[in-house]
>>> print(open('structure_8.pdb').read())   # PDB, C-alpha atoms
ATOM      1  CA  MET E   1      15.462 -16.849  -9.166  1.00  0.00           C
ATOM      2  CA  SER E   2      13.218 -14.210 -10.654  1.00  0.00           C
ATOM      3  CA  LYS E   3      13.979 -12.989 -14.133  1.00  0.00           C
ATOM      4  CA  HIS E   4      13.114  -9.453 -13.000  1.00  0.00           C
ATOM      5  CA  LYS E   5      15.854  -7.122 -11.876  1.00  0.00           C
ATOM      6  CA  LEU E   6      15.746  -5.757  -8.353  1.00  0.00           C
ATOM      7  CA  GLU E   7      15.565  -1.978  -8.580  1.00  0.00           C
ATOM      8  CA  PRO E   8      13.909   0.859  -6.706  1.00  0.00           C
ATOM      9  CA  GLY E   9      10.217   0.932  -7.529  1.00  0.00           C
ATOM     10  CA  SER E  10       9.887  -2.850  -7.846  1.00  0.00           C
ATOM     11  CA  LEU E  11       7.356  -4.684  -5.740  1.00  0.00           C
ATOM     12  CA  LEU E  12       8.384  -7.523  -3.452  1.00  0.00           C
ATOM     13  CA  ILE E  13       5.412  -9.847  -3.075  1.00  0.00           C
ATOM     14  CA  ALA E  14       5.163 -12.424  -0.313  1.00  0.00           C
ATOM     15  CA  PRO E  15       4.309 -15.844  -1.742  1.00  0.00           C
ATOM     16  CA  PRO E  16       1.519 -17.903  -0.132  1.00  0.00           C
ATOM     17  CA  SER E  17       4.157 -19.899   1.797  1.00  0.00           C
ATOM     18  CA  MET E  18       5.952 -16.849   3.286  1.00  0.00           C
ATOM     19  CA  PRO E  19       7.771 -18.160   6.401  1.00  0.00           C
ATOM     20  CA  ASP E  20       7.895 -14.784   8.211  1.00  0.00           C
ATOM     21  CA  PRO E  21       4.427 -14.123   9.715  1.00  0.00           C
ATOM     22  CA  ARG E  22       5.016 -10.351   9.682  1.00  0.00           C
ATOM     23  CA  PHE E  23       5.018 -10.429   5.884  1.00  0.00           C
ATOM     24  CA  GLN E  24       2.296 -12.960   5.080  1.00  0.00           C
ATOM     25  CA  ASP E  25       0.012 -11.579   2.343  1.00  0.00           C
ATOM     26  CA  ARG E  26       2.130  -8.428   2.114  1.00  0.00           C
ATOM     27  CA  VAL E  27       3.397  -6.302  -0.743  1.00  0.00           C
ATOM     28  CA  LEU E  28       6.530  -4.195  -0.287  1.00  0.00           C
ATOM     29  CA  LEU E  29       7.866  -1.382  -2.426  1.00  0.00           C
ATOM     30  CA  LEU E  30      11.634  -1.506  -2.837  1.00  0.00           C
ATOM     31  CA  VAL E  31      12.887   2.058  -2.320  1.00  0.00           C
ATOM     32  CA  GLN E  32      16.635   1.423  -2.181  1.00  0.00           C
ATOM     33  CA  HIS E  33      18.752  -1.388  -3.581  1.00  0.00           C
ATOM     34  CA  GLU E  34      22.526  -0.993  -3.505  1.00  0.00           C
ATOM     35  CA  THR E  35      25.594  -3.069  -2.739  1.00  0.00           C
ATOM     36  CA  THR E  36      25.307  -1.839   0.871  1.00  0.00           C
ATOM     37  CA  GLY E  37      21.801  -3.277   1.291  1.00  0.00           C
ATOM     38  CA  SER E  38      18.143  -2.787   0.500  1.00  0.00           C
ATOM     39  CA  VAL E  39      15.184  -0.892   1.986  1.00  0.00           C
ATOM     40  CA  ALA E  40      11.461  -1.387   1.363  1.00  0.00           C
ATOM     41  CA  PHE E  41       8.083  -0.275   2.724  1.00  0.00           C
ATOM     42  CA  THR E  42       5.194  -2.652   3.381  1.00  0.00           C
ATOM     43  CA  LEU E  43       2.262  -1.082   1.526  1.00  0.00           C
ATOM     44  CA  ASN E  44      -0.762  -3.059   2.670  1.00  0.00           C
ATOM     45  CA  LYS E  45      -0.686  -3.261   6.459  1.00  0.00           C
ATOM     46  CA  PRO E  46      -2.777  -0.436   7.931  1.00  0.00           C
ATOM     47  CA  THR E  47      -2.516   0.370  11.623  1.00  0.00           C
ATOM     48  CA  ASP E  48      -5.250   1.630  13.939  1.00  0.00           C
ATOM     49  CA  TYR E  49      -3.715   5.131  13.855  1.00  0.00           C
ATOM     50  CA  VAL E  50      -4.045   8.245  11.735  1.00  0.00           C
ATOM     51  CA  ILE E  51      -1.541  11.067  11.378  1.00  0.00           C
ATOM     52  CA  ASN E  52      -3.669  13.269  13.688  1.00  0.00           C
ATOM     53  CA  ASP E  53      -2.669  10.903  16.501  1.00  0.00           C
ATOM     54  CA  ILE E  54       0.962  12.056  16.309  1.00  0.00           C
ATOM     55  CA  LEU E  55       0.641  15.768  15.438  1.00  0.00           C
ATOM     56  CA  ASP E  56       0.656  17.023  19.051  1.00  0.00           C
ATOM     57  CA  GLU E  57       3.657  14.836  19.816  1.00  0.00           C
ATOM     58  CA  ILE E  58       5.670  16.461  17.022  1.00  0.00           C
ATOM     59  CA  GLY E  59       4.388  19.981  17.670  1.00  0.00           C
ATOM     60  CA  VAL E  60       2.273  20.460  14.547  1.00  0.00           C
ATOM     61  CA  ASP E  61      -1.133  22.156  14.696  1.00  0.00           C
ATOM     62  CA  GLY E  62      -3.532  20.902  12.045  1.00  0.00           C
ATOM     63  CA  ASN E  63      -5.926  18.228  10.907  1.00  0.00           C
ATOM     64  CA  LEU E  64      -4.449  15.302   8.985  1.00  0.00           C
ATOM     65  CA  PRO E  65      -6.845  12.328   9.243  1.00  0.00           C
ATOM     66  CA  PHE E  66      -4.734  10.190   6.885  1.00  0.00           C
ATOM     67  CA  PRO E  67      -4.178   6.527   7.842  1.00  0.00           C
ATOM     68  CA  LEU E  68      -0.803   5.366   9.089  1.00  0.00           C
ATOM     69  CA  TYR E  69       0.531   2.075   7.700  1.00  0.00           C
ATOM     70  CA  TRP E  70       3.131  -0.306   9.111  1.00  0.00           C
ATOM     71  CA  GLY E  71       6.114   0.038   6.793  1.00  0.00           C
ATOM     72  CA  GLY E  72       8.322  -2.547   8.452  1.00  0.00           C
ATOM     73  CA  PRO E  73       9.969  -3.664  11.698  1.00  0.00           C
ATOM     74  CA  VAL E  74      13.036  -1.355  11.590  1.00  0.00           C
ATOM     75  CA  LYS E  75      13.048   2.281  12.759  1.00  0.00           C
ATOM     76  CA  SER E  76       9.408   2.019  13.804  1.00  0.00           C
ATOM     77  CA  SER E  77       9.375   5.518  15.323  1.00  0.00           C
ATOM     78  CA  ALA E  78      10.185   7.151  11.962  1.00  0.00           C
ATOM     79  CA  VAL E  79       7.226   8.318   9.860  1.00  0.00           C
ATOM     80  CA  TRP E  80       7.667   8.432   6.106  1.00  0.00           C
ATOM     81  CA  MET E  81       5.439   9.703   3.357  1.00  0.00           C
ATOM     82  CA  LEU E  82       5.702   7.697   0.155  1.00  0.00           C
ATOM     83  CA  HIS E  83       4.344   9.809  -2.675  1.00  0.00           C
ATOM     84  CA  ASP E  84       4.356  10.383  -6.394  1.00  0.00           C
ATOM     85  CA  SER E  85       7.466  12.187  -7.594  1.00  0.00           C
ATOM     86  CA  ASP E  86       5.628  15.274  -8.873  1.00  0.00           C
ATOM     87  CA  TRP E  87       5.584  16.638  -5.306  1.00  0.00           C
ATOM     88  CA  THR E  88       8.863  17.202  -3.485  1.00  0.00           C
ATOM     89  CA  LEU E  89      10.308  19.130  -0.595  1.00  0.00           C
ATOM     90  CA  GLU E  90      13.902  19.960   0.206  1.00  0.00           C
ATOM     91  CA  ARG E  91      14.320  16.702   2.150  1.00  0.00           C
ATOM     92  CA  SER E  92      12.488  14.460  -0.324  1.00  0.00           C
ATOM     93  CA  VAL E  93      14.447  11.537  -1.714  1.00  0.00           C
ATOM     94  CA  GLU E  94      13.733  10.272  -5.211  1.00  0.00           C
ATOM     95  CA  VAL E  95      13.155   6.529  -5.400  1.00  0.00           C
ATOM     96  CA  ASN E  96      12.718   6.499  -9.177  1.00  0.00           C
ATOM     97  CA  ALA E  97      10.787   8.492 -11.797  1.00  0.00           C
ATOM     98  CA  ASP E  98       7.423   7.515 -10.225  1.00  0.00           C
ATOM     99  CA  TRP E  99       8.140   7.614  -6.495  1.00  0.00           C
ATOM    100  CA  SER E 100       9.694   9.842  -3.868  1.00  0.00           C
ATOM    101  CA  MET E 101       9.763   9.593  -0.098  1.00  0.00           C
ATOM    102  CA  THR E 102       9.883  12.289   2.527  1.00  0.00           C
ATOM    103  CA  SER E 103      10.384  12.243   6.284  1.00  0.00           C
ATOM    104  CA  SER E 104      10.451  15.681   7.867  1.00  0.00           C
ATOM    105  CA  HIS E 105       8.360  17.978  10.042  1.00  0.00           C
ATOM    106  CA  GLU E 106       8.102  20.241   7.008  1.00  0.00           C
ATOM    107  CA  MET E 107       5.888  17.708   5.186  1.00  0.00           C
ATOM    108  CA  PHE E 108       3.257  17.884   7.915  1.00  0.00           C
ATOM    109  CA  HIS E 109       3.169  21.677   7.736  1.00  0.00           C
ATOM    110  CA  HIS E 110       2.749  21.589   3.947  1.00  0.00           C
ATOM    111  CA  LEU E 111      -0.075  19.069   4.226  1.00  0.00           C
ATOM    112  CA  CYS E 112      -1.830  21.143   6.914  1.00  0.00           C
ATOM    113  CA  ASP E 113      -1.643  24.118   4.522  1.00  0.00           C
ATOM    114  CA  GLY E 114      -3.299  22.058   1.753  1.00  0.00           C
ATOM    115  CA  ASP E 115      -0.110  21.423  -0.239  1.00  0.00           C
ATOM    116  CA  THR E 116      -0.379  17.667  -0.863  1.00  0.00           C
ATOM    117  CA  PRO E 117       0.857  15.193  -3.455  1.00  0.00           C
ATOM    118  CA  ARG E 118      -1.724  13.645  -5.779  1.00  0.00           C
ATOM    119  CA  ARG E 119      -1.127  10.205  -4.249  1.00  0.00           C
ATOM    120  CA  PHE E 120       0.615   9.349  -1.017  1.00  0.00           C
ATOM    121  CA  ARG E 121       0.749   6.960   1.901  1.00  0.00           C
ATOM    122  CA  PHE E 122       2.114   7.465   5.414  1.00  0.00           C
ATOM    123  CA  LEU E 123       4.166   4.643   6.892  1.00  0.00           C
ATOM    124  CA  HIS E 124       6.048   4.070  10.113  1.00  0.00           C
ATOM    125  CA  GLY E 125       9.062   1.812  10.033  1.00  0.00           C
ATOM    126  CA  ILE E 126      10.929   0.196   7.155  1.00  0.00           C
ATOM    127  CA  SER E 127      12.173  -3.228   6.136  1.00  0.00           C
ATOM    128  CA  THR E 128      15.904  -3.611   5.577  1.00  0.00           C
ATOM    129  CA  TRP E 129      18.322  -6.233   4.274  1.00  0.00           C
ATOM    130  CA  GLY E 130      22.102  -6.289   4.539  1.00  0.00           C
ATOM    131  CA  PRO E 131      24.441  -6.630   1.541  1.00  0.00           C
ATOM    132  CA  GLY E 132      23.321  -9.575  -0.600  1.00  0.00           C
ATOM    133  CA  GLN E 133      20.663 -10.689   1.901  1.00  0.00           C
ATOM    134  CA  LEU E 134      17.616  -9.902  -0.258  1.00  0.00           C
ATOM    135  CA  GLU E 135      19.183 -11.588  -3.300  1.00  0.00           C
ATOM    136  CA  GLY E 136      19.844 -14.680  -1.161  1.00  0.00           C
ATOM    137  CA  GLU E 137      16.228 -14.789  -0.017  1.00  0.00           C
ATOM    138  CA  ILE E 138      15.037 -14.497  -3.620  1.00  0.00           C
ATOM    139  CA  ARG E 139      17.382 -17.297  -4.725  1.00  0.00           C
ATOM    140  CA  GLY E 140      15.886 -19.467  -1.995  1.00  0.00           C
ATOM    141  CA  GLU E 141      19.003 -19.771   0.171  1.00  0.00           C
ATOM    142  CA  HIS E 142      18.496 -21.385   3.586  1.00  0.00           C
ATOM    143  CA  PRO E 143      16.195 -20.897   5.478  1.00  0.00           C
ATOM    144  CA  TRP E 144      14.264 -19.810   2.390  1.00  0.00           C
ATOM    145  CA  SER E 145      13.274 -22.020  -0.519  1.00  0.00           C
ATOM    146  CA  PRO E 146      12.240 -21.127  -4.078  1.00  0.00           C
ATOM    147  CA  SER E 147       8.577 -21.572  -3.091  1.00  0.00           C
ATOM    148  CA  SER E 148       8.866 -19.299  -0.032  1.00  0.00           C
ATOM    149  CA  SER E 149      11.015 -16.489  -1.437  1.00  0.00           C
ATOM    150  CA  TRP E 150       9.888 -13.058  -2.569  1.00  0.00           C
ATOM    151  CA  LEU E 151       8.289 -12.610  -5.960  1.00  0.00           C
ATOM    152  CA  ILE E 152       9.179  -9.483  -7.926  1.00  0.00           C
ATOM    153  CA  ALA E 153       6.975  -7.234 -10.007  1.00  0.00           C
ATOM    154  CA  PRO E 154       8.800  -4.528 -11.952  1.00  0.00           C
ATOM    155  CA  ASN E 155       7.808  -0.941 -11.195  1.00  0.00           C
ATOM    156  CA  PRO E 156       4.020  -0.806 -11.614  1.00  0.00           C
ATOM    157  CA  GLY E 157       3.907   2.955 -10.995  1.00  0.00           C
ATOM    158  CA  SER E 158       2.293   4.972  -8.235  1.00  0.00           C
ATOM    159  CA  ASP E 159      -1.152   5.102  -9.859  1.00  0.00           C
ATOM    160  CA  TRP E 160      -1.798   1.362  -9.723  1.00  0.00           C
ATOM    161  CA  VAL E 161      -0.233   0.770  -6.310  1.00  0.00           C
ATOM    162  CA  LEU E 162      -1.885   3.637  -4.434  1.00  0.00           C
ATOM    163  CA  GLU E 163      -5.275   3.342  -6.132  1.00  0.00           C
ATOM    164  CA  CYS E 164      -5.633  -0.372  -5.440  1.00  0.00           C
ATOM    165  CA  PRO E 165      -7.415  -0.866  -2.082  1.00  0.00           C
ATOM    166  CA  GLU E 166      -4.893  -2.296   0.374  1.00  0.00           C
ATOM    167  CA  GLU E 167      -7.140  -5.293   1.104  1.00  0.00           C
ATOM    168  CA  HIS E 168      -6.824  -6.322  -2.569  1.00  0.00           C
ATOM    169  CA  LEU E 169      -3.216  -5.302  -3.220  1.00  0.00           C
ATOM    170  CA  TRP E 170      -1.660  -8.694  -2.401  1.00  0.00           C
ATOM    171  CA  GLU E 171      -4.100 -10.614  -4.636  1.00  0.00           C
ATOM    172  CA  GLN E 172      -3.584  -8.146  -7.495  1.00  0.00           C
ATOM    173  CA  ALA E 173       0.207  -8.241  -7.114  1.00  0.00           C
ATOM    174  CA  MET E 174       0.144 -12.061  -7.025  1.00  0.00           C
ATOM    175  CA  GLU E 175      -1.742 -11.981 -10.301  1.00  0.00           C
ATOM    176  CA  VAL E 176       1.058  -9.879 -11.807  1.00  0.00           C
ATOM    177  CA  ALA E 177       3.757 -12.229 -10.478  1.00  0.00           C
ATOM    178  CA  LYS E 178       2.008 -15.592 -10.788  1.00  0.00           C
ATOM    179  CA  ASP E 179       4.301 -16.717 -13.616  1.00  0.00           C
ATOM    180  CA  GLN E 180       7.267 -16.576 -11.214  1.00  0.00           C
ATOM    181  CA  PHE E 181       5.439 -18.521  -8.541  1.00  0.00           C
ATOM    182  CA  VAL E 182       4.436 -21.289 -10.939  1.00  0.00           C
ATOM    183  CA  ALA E 183       7.945 -21.389 -12.474  1.00  0.00           C
ATOM    184  CA  ASP E 184       9.535 -21.721  -9.014  1.00  0.00           C
ATOM    185  CA  LEU E 185       7.344 -24.705  -8.175  1.00  0.00           C
ATOM    186  CA  LEU E 186       8.365 -26.637 -11.308  1.00  0.00           C
TER     187      LEU E 186
END
>>> encode(input="structure_8.pdb", output="structure tokens")
Amino acid sequence: MSKHKLEPGSLLIAPPSMPDPRFQDRVLLLVQHETTGSVAFTLNKPTDYVINDILDEIGVDGNLPFPLYWGGPVKSSAVWMLHDSDWTLERSVEVNADWSMTSSHEMFHHLCDGDTPRRFRFLHGISTWGPGQLEGEIRGEHPWSPSSSWLIAPNPGSDWVLECPEEHLWEQAMEVAKDQFVADLL
């Protein structure tokens, strides 16, 4: 098992032998980790949509050409904005000192008015694990194995994650976590 502690802001990195095809070559940001379960967003799976595609549907008038990413297979109709913690609204939830997340109509209005965070990413859907499930996957419990379980990178901060082009994020994150991967194979 990884020597790194699971905590909000950590990256979960799919190893090369990830058994779940939805997460192959993916990097997730852990946004909640409690005894009741865990929640994460997939950071490097863009969709073919931009936020403008949903504005009419939610009754917002404006121009927001920002890409929409696939955050995970659960609650796929929910749109979240993951952003640096310097920018918050009433309904923003702090992940840790570097990250916050917001999901409200209010965020779209603020963005249309030019009030934006320095760094942000829009995602639809989340990934979730029940109590102890993520820890079991990381330990390599069946059907997982040590070589196919998540690798962990401690909180790298919003600058690195959101400035790295999504097509290179997995390779860069693997570089950070390669010591775990090699250790798990021995």
>>> resolve_selection(input="structure_8.pdb", expression="the PyMOL selection byres ((chain E and resi 61) around 10)", output="list in words")
Asn52, Leu55, Asp56, Ile58, Gly59, Val60, Gly62, Asn63, Leu64, Phe108, His109 and Cys112 of chain E
>>> write_last_selection(input="structure_8.pdb", atoms="C-alpha atoms", output="PDB file, in the coordinates of the input")
ATOM      1  CA  ASN E  52      -3.669  13.269  13.688  1.00  0.00           C
ATOM      2  CA  LEU E  55       0.641  15.768  15.438  1.00  0.00           C
ATOM      3  CA  ASP E  56       0.656  17.023  19.051  1.00  0.00           C
ATOM      4  CA  ILE E  58       5.670  16.461  17.022  1.00  0.00           C
ATOM      5  CA  GLY E  59       4.388  19.981  17.670  1.00  0.00           C
ATOM      6  CA  VAL E  60       2.273  20.460  14.547  1.00  0.00           C
ATOM      7  CA  GLY E  62      -3.532  20.902  12.045  1.00  0.00           C
ATOM      8  CA  ASN E  63      -5.926  18.228  10.907  1.00  0.00           C
ATOM      9  CA  LEU E  64      -4.449  15.302   8.985  1.00  0.00           C
ATOM     10  CA  PHE E 108       3.257  17.884   7.915  1.00  0.00           C
ATOM     11  CA  HIS E 109       3.169  21.677   7.736  1.00  0.00           C
ATOM     12  CA  CYS E 112      -1.830  21.143   6.914  1.00  0.00           C
TER      13      CYS E 112
END
>>> residues_around(input="structure_8.pdb", residues="E:His124", least_positions_apart="6", cutoff="8 Å", atoms="only C-alpha atoms", output="list in words")
Leu68, Tyr69, Trp70, Gly71, Gly72, Lys75, Ser76, Ser77, Ala78, Val79 and Trp80 of chain E
>>> atom_distance(input="structure_8.pdb", atom1="atom CA of E:Glu106", atom2="atom CA of E:Leu82")
14.5 Å
>>> closest_residue(input="structure_8.pdb", among="E:Thr42, E:Ser158, E:Thr128, E:Thr88", to="E:His110", atoms="all atoms listed in the file")
E:Thr88
>>> resolve_selection(input="structure_8.pdb", expression="the PyMOL selection byres ((chain E and resi 23) around 10)", output="PyMOL selection string")
chain E and resi 13-15+18-22+24-28+42+44-45+72
>>> atom_distance(input="structure_8.pdb", atom1="atom CA of E:His83", atom2="atom CA of E:Glu57")
23.1 Å
>>> residues_around(input="structure_8.pdb", residues="stretch 31-36 of chain E", least_positions_apart="4", cutoff="9 Å", atoms="only C-alpha atoms", output="VMD selection string")
chain E and resid 6 to 10 40 to 41 94 to 96 99 to 101 129 to 132
>>> closest_residue(input="structure_8.pdb", among="E:Pro46, E:Gly37, E:Pro146, E:Pro16", to="E:Glu166", atoms="all atoms listed in the file")
E:Pro46
>>> closest_residue(input="structure_8.pdb", among="E:Thr47, E:Gln172, E:Ser147, E:Ser85", to="E:Gly125", atoms="only C-alpha atoms")
E:Thr47
>>> closest_residue(input="structure_8.pdb", among="E:Leu12, E:Leu30, E:Met174, E:Leu43", to="E:Leu162", atoms="all atoms listed in the file")
E:Leu43
>>> atom_distance(input="structure_8.pdb", atom1="atom CA of E:His168", atom2="atom CA of E:Gly136")
28.0 Å
>>> closest_residue(input="structure_8.pdb", among="E:Met81, E:Trp160, E:Gly114, E:Ser17", to="E:Ser148", atoms="all atoms listed in the file")
E:Ser17
>>> resolve_selection(input="structure_8.pdb", expression="the PyMOL selection byres ((chain E and resi 119) around 6)", output="ChimeraX atom specification")
/E:83-84,117-118,120
>>> closest_residue(input="structure_8.pdb", among="E:Leu111, E:Ser103, E:Glu90, E:Pro156", to="E:Leu169", atoms="all atoms listed in the file")
E:Pro156
>>> build_atoms(input="structure_8.pdb", residues="stretch 62-92 of chain E", atoms="N, CA and C atoms", output="PDB file, in the coordinates of the input")
ATOM      1  N   GLY E  62      -2.807  21.095  13.293  1.00  0.00           N
ATOM      2  CA  GLY E  62      -3.532  20.902  12.045  1.00  0.00           C
ATOM      3  C   GLY E  62      -4.426  19.685  12.118  1.00  0.00           C
ATOM      4  N   ASN E  63      -5.028  19.371  11.001  1.00  0.00           N
ATOM      5  CA  ASN E  63      -5.926  18.228  10.907  1.00  0.00           C
ATOM      6  C   ASN E  63      -5.503  17.374   9.724  1.00  0.00           C
ATOM      7  N   LEU E  64      -4.903  16.242  10.022  1.00  0.00           N
ATOM      8  CA  LEU E  64      -4.449  15.302   8.985  1.00  0.00           C
ATOM      9  C   LEU E  64      -4.986  13.908   9.325  1.00  0.00           C
ATOM     10  N   PRO E  65      -6.223  13.605   8.881  1.00  0.00           N
ATOM     11  CA  PRO E  65      -6.845  12.328   9.243  1.00  0.00           C
ATOM     12  C   PRO E  65      -6.394  11.143   8.383  1.00  0.00           C
ATOM     13  N   PHE E  66      -5.223  11.233   7.793  1.00  0.00           N
ATOM     14  CA  PHE E  66      -4.734  10.190   6.885  1.00  0.00           C
ATOM     15  C   PHE E  66      -4.285   8.955   7.666  1.00  0.00           C
ATOM     16  N   PRO E  67      -4.582   7.755   7.143  1.00  0.00           N
ATOM     17  CA  PRO E  67      -4.178   6.527   7.842  1.00  0.00           C
ATOM     18  C   PRO E  67      -2.664   6.370   7.880  1.00  0.00           C
ATOM     19  N   LEU E  68      -2.215   5.683   8.916  1.00  0.00           N
ATOM     20  CA  LEU E  68      -0.803   5.366   9.089  1.00  0.00           C
ATOM     21  C   LEU E  68      -0.642   3.861   8.897  1.00  0.00           C
ATOM     22  N   TYR E  69       0.275   3.482   8.015  1.00  0.00           N
ATOM     23  CA  TYR E  69       0.531   2.075   7.700  1.00  0.00           C
ATOM     24  C   TYR E  69       1.821   1.616   8.367  1.00  0.00           C
ATOM     25  N   TRP E  70       1.903   0.299   8.611  1.00  0.00           N
ATOM     26  CA  TRP E  70       3.131  -0.306   9.111  1.00  0.00           C
ATOM     27  C   TRP E  70       4.042  -0.533   7.921  1.00  0.00           C
ATOM     28  N   GLY E  71       5.185   0.156   7.907  1.00  0.00           N
ATOM     29  CA  GLY E  71       6.114   0.038   6.793  1.00  0.00           C
ATOM     30  C   GLY E  71       7.115  -1.083   6.948  1.00  0.00           C
ATOM     31  N   GLY E  72       7.359  -1.486   8.191  1.00  0.00           N
ATOM     32  CA  GLY E  72       8.322  -2.547   8.452  1.00  0.00           C
ATOM     33  C   GLY E  72       8.790  -2.510   9.888  1.00  0.00           C
ATOM     34  N   PRO E  73       9.576  -3.517  10.294  1.00  0.00           N
ATOM     35  CA  PRO E  73       9.969  -3.664  11.698  1.00  0.00           C
ATOM     36  C   PRO E  73      11.167  -2.817  12.148  1.00  0.00           C
ATOM     37  N   VAL E  74      11.831  -2.122  11.245  1.00  0.00           N
ATOM     38  CA  VAL E  74      13.036  -1.355  11.590  1.00  0.00           C
ATOM     39  C   VAL E  74      12.686   0.132  11.645  1.00  0.00           C
ATOM     40  N   LYS E  75      13.273   0.835  12.597  1.00  0.00           N
ATOM     41  CA  LYS E  75      13.048   2.281  12.759  1.00  0.00           C
ATOM     42  C   LYS E  75      11.556   2.603  12.845  1.00  0.00           C
ATOM     43  N   SER E  76      10.862   1.898  13.736  1.00  0.00           N
ATOM     44  CA  SER E  76       9.408   2.019  13.804  1.00  0.00           C
ATOM     45  C   SER E  76       8.927   3.378  14.299  1.00  0.00           C
ATOM     46  N   SER E  77       9.807   4.190  14.878  1.00  0.00           N
ATOM     47  CA  SER E  77       9.375   5.518  15.323  1.00  0.00           C
ATOM     48  C   SER E  77       9.460   6.559  14.196  1.00  0.00           C
ATOM     49  N   ALA E  78      10.079   6.216  13.088  1.00  0.00           N
ATOM     50  CA  ALA E  78      10.185   7.151  11.962  1.00  0.00           C
ATOM     51  C   ALA E  78       8.914   7.082  11.115  1.00  0.00           C
ATOM     52  N   VAL E  79       8.397   8.249  10.724  1.00  0.00           N
ATOM     53  CA  VAL E  79       7.226   8.318   9.860  1.00  0.00           C
ATOM     54  C   VAL E  79       7.677   8.838   8.501  1.00  0.00           C
ATOM     55  N   TRP E  80       7.313   8.102   7.476  1.00  0.00           N
ATOM     56  CA  TRP E  80       7.667   8.432   6.106  1.00  0.00           C
ATOM     57  C   TRP E  80       6.405   8.695   5.306  1.00  0.00           C
ATOM     58  N   MET E  81       6.508   9.551   4.325  1.00  0.00           N
ATOM     59  CA  MET E  81       5.439   9.703   3.357  1.00  0.00           C
ATOM     60  C   MET E  81       5.993   9.227   2.020  1.00  0.00           C
ATOM     61  N   LEU E  82       5.378   8.191   1.487  1.00  0.00           N
ATOM     62  CA  LEU E  82       5.702   7.697   0.155  1.00  0.00           C
ATOM     63  C   LEU E  82       4.723   8.386  -0.776  1.00  0.00           C
ATOM     64  N   HIS E  83       5.227   9.004  -1.826  1.00  0.00           N
ATOM     65  CA  HIS E  83       4.344   9.809  -2.675  1.00  0.00           C
ATOM     66  C   HIS E  83       4.834   9.813  -4.108  1.00  0.00           C
ATOM     67  N   ASP E  84       3.939  10.277  -5.006  1.00  0.00           N
ATOM     68  CA  ASP E  84       4.356  10.383  -6.394  1.00  0.00           C
ATOM     69  C   ASP E  84       5.434  11.451  -6.505  1.00  0.00           C
ATOM     70  N   SER E  85       6.267  11.340  -7.502  1.00  0.00           N
ATOM     71  CA  SER E  85       7.466  12.187  -7.594  1.00  0.00           C
ATOM     72  C   SER E  85       7.198  13.595  -8.108  1.00  0.00           C
ATOM     73  N   ASP E  86       5.946  13.903  -8.443  1.00  0.00           N
ATOM     74  CA  ASP E  86       5.628  15.274  -8.873  1.00  0.00           C
ATOM     75  C   ASP E  86       5.697  16.270  -7.721  1.00  0.00           C
ATOM     76  N   TRP E  87       5.605  15.793  -6.508  1.00  0.00           N
ATOM     77  CA  TRP E  87       5.584  16.638  -5.306  1.00  0.00           C
ATOM     78  C   TRP E  87       6.864  16.376  -4.530  1.00  0.00           C
ATOM     79  N   THR E  88       7.636  17.402  -4.267  1.00  0.00           N
ATOM     80  CA  THR E  88       8.863  17.202  -3.485  1.00  0.00           C
ATOM     81  C   THR E  88       9.098  18.383  -2.561  1.00  0.00           C
ATOM     82  N   LEU E  89       9.827  18.115  -1.523  1.00  0.00           N
ATOM     83  CA  LEU E  89      10.308  19.130  -0.595  1.00  0.00           C
ATOM     84  C   LEU E  89      11.830  19.033  -0.566  1.00  0.00           C
ATOM     85  N   GLU E  90      12.441  19.943   0.145  1.00  0.00           N
ATOM     86  CA  GLU E  90      13.902  19.960   0.206  1.00  0.00           C
ATOM     87  C   GLU E  90      14.476  18.622   0.673  1.00  0.00           C
ATOM     88  N   ARG E  91      13.808  17.959   1.609  1.00  0.00           N
ATOM     89  CA  ARG E  91      14.320  16.702   2.150  1.00  0.00           C
ATOM     90  C   ARG E  91      13.742  15.463   1.483  1.00  0.00           C
ATOM     91  N   SER E  92      13.021  15.617   0.393  1.00  0.00           N
ATOM     92  CA  SER E  92      12.488  14.460  -0.324  1.00  0.00           C
ATOM     93  C   SER E  92      13.624  13.706  -1.006  1.00  0.00           C
TER      94      SER E  92
END
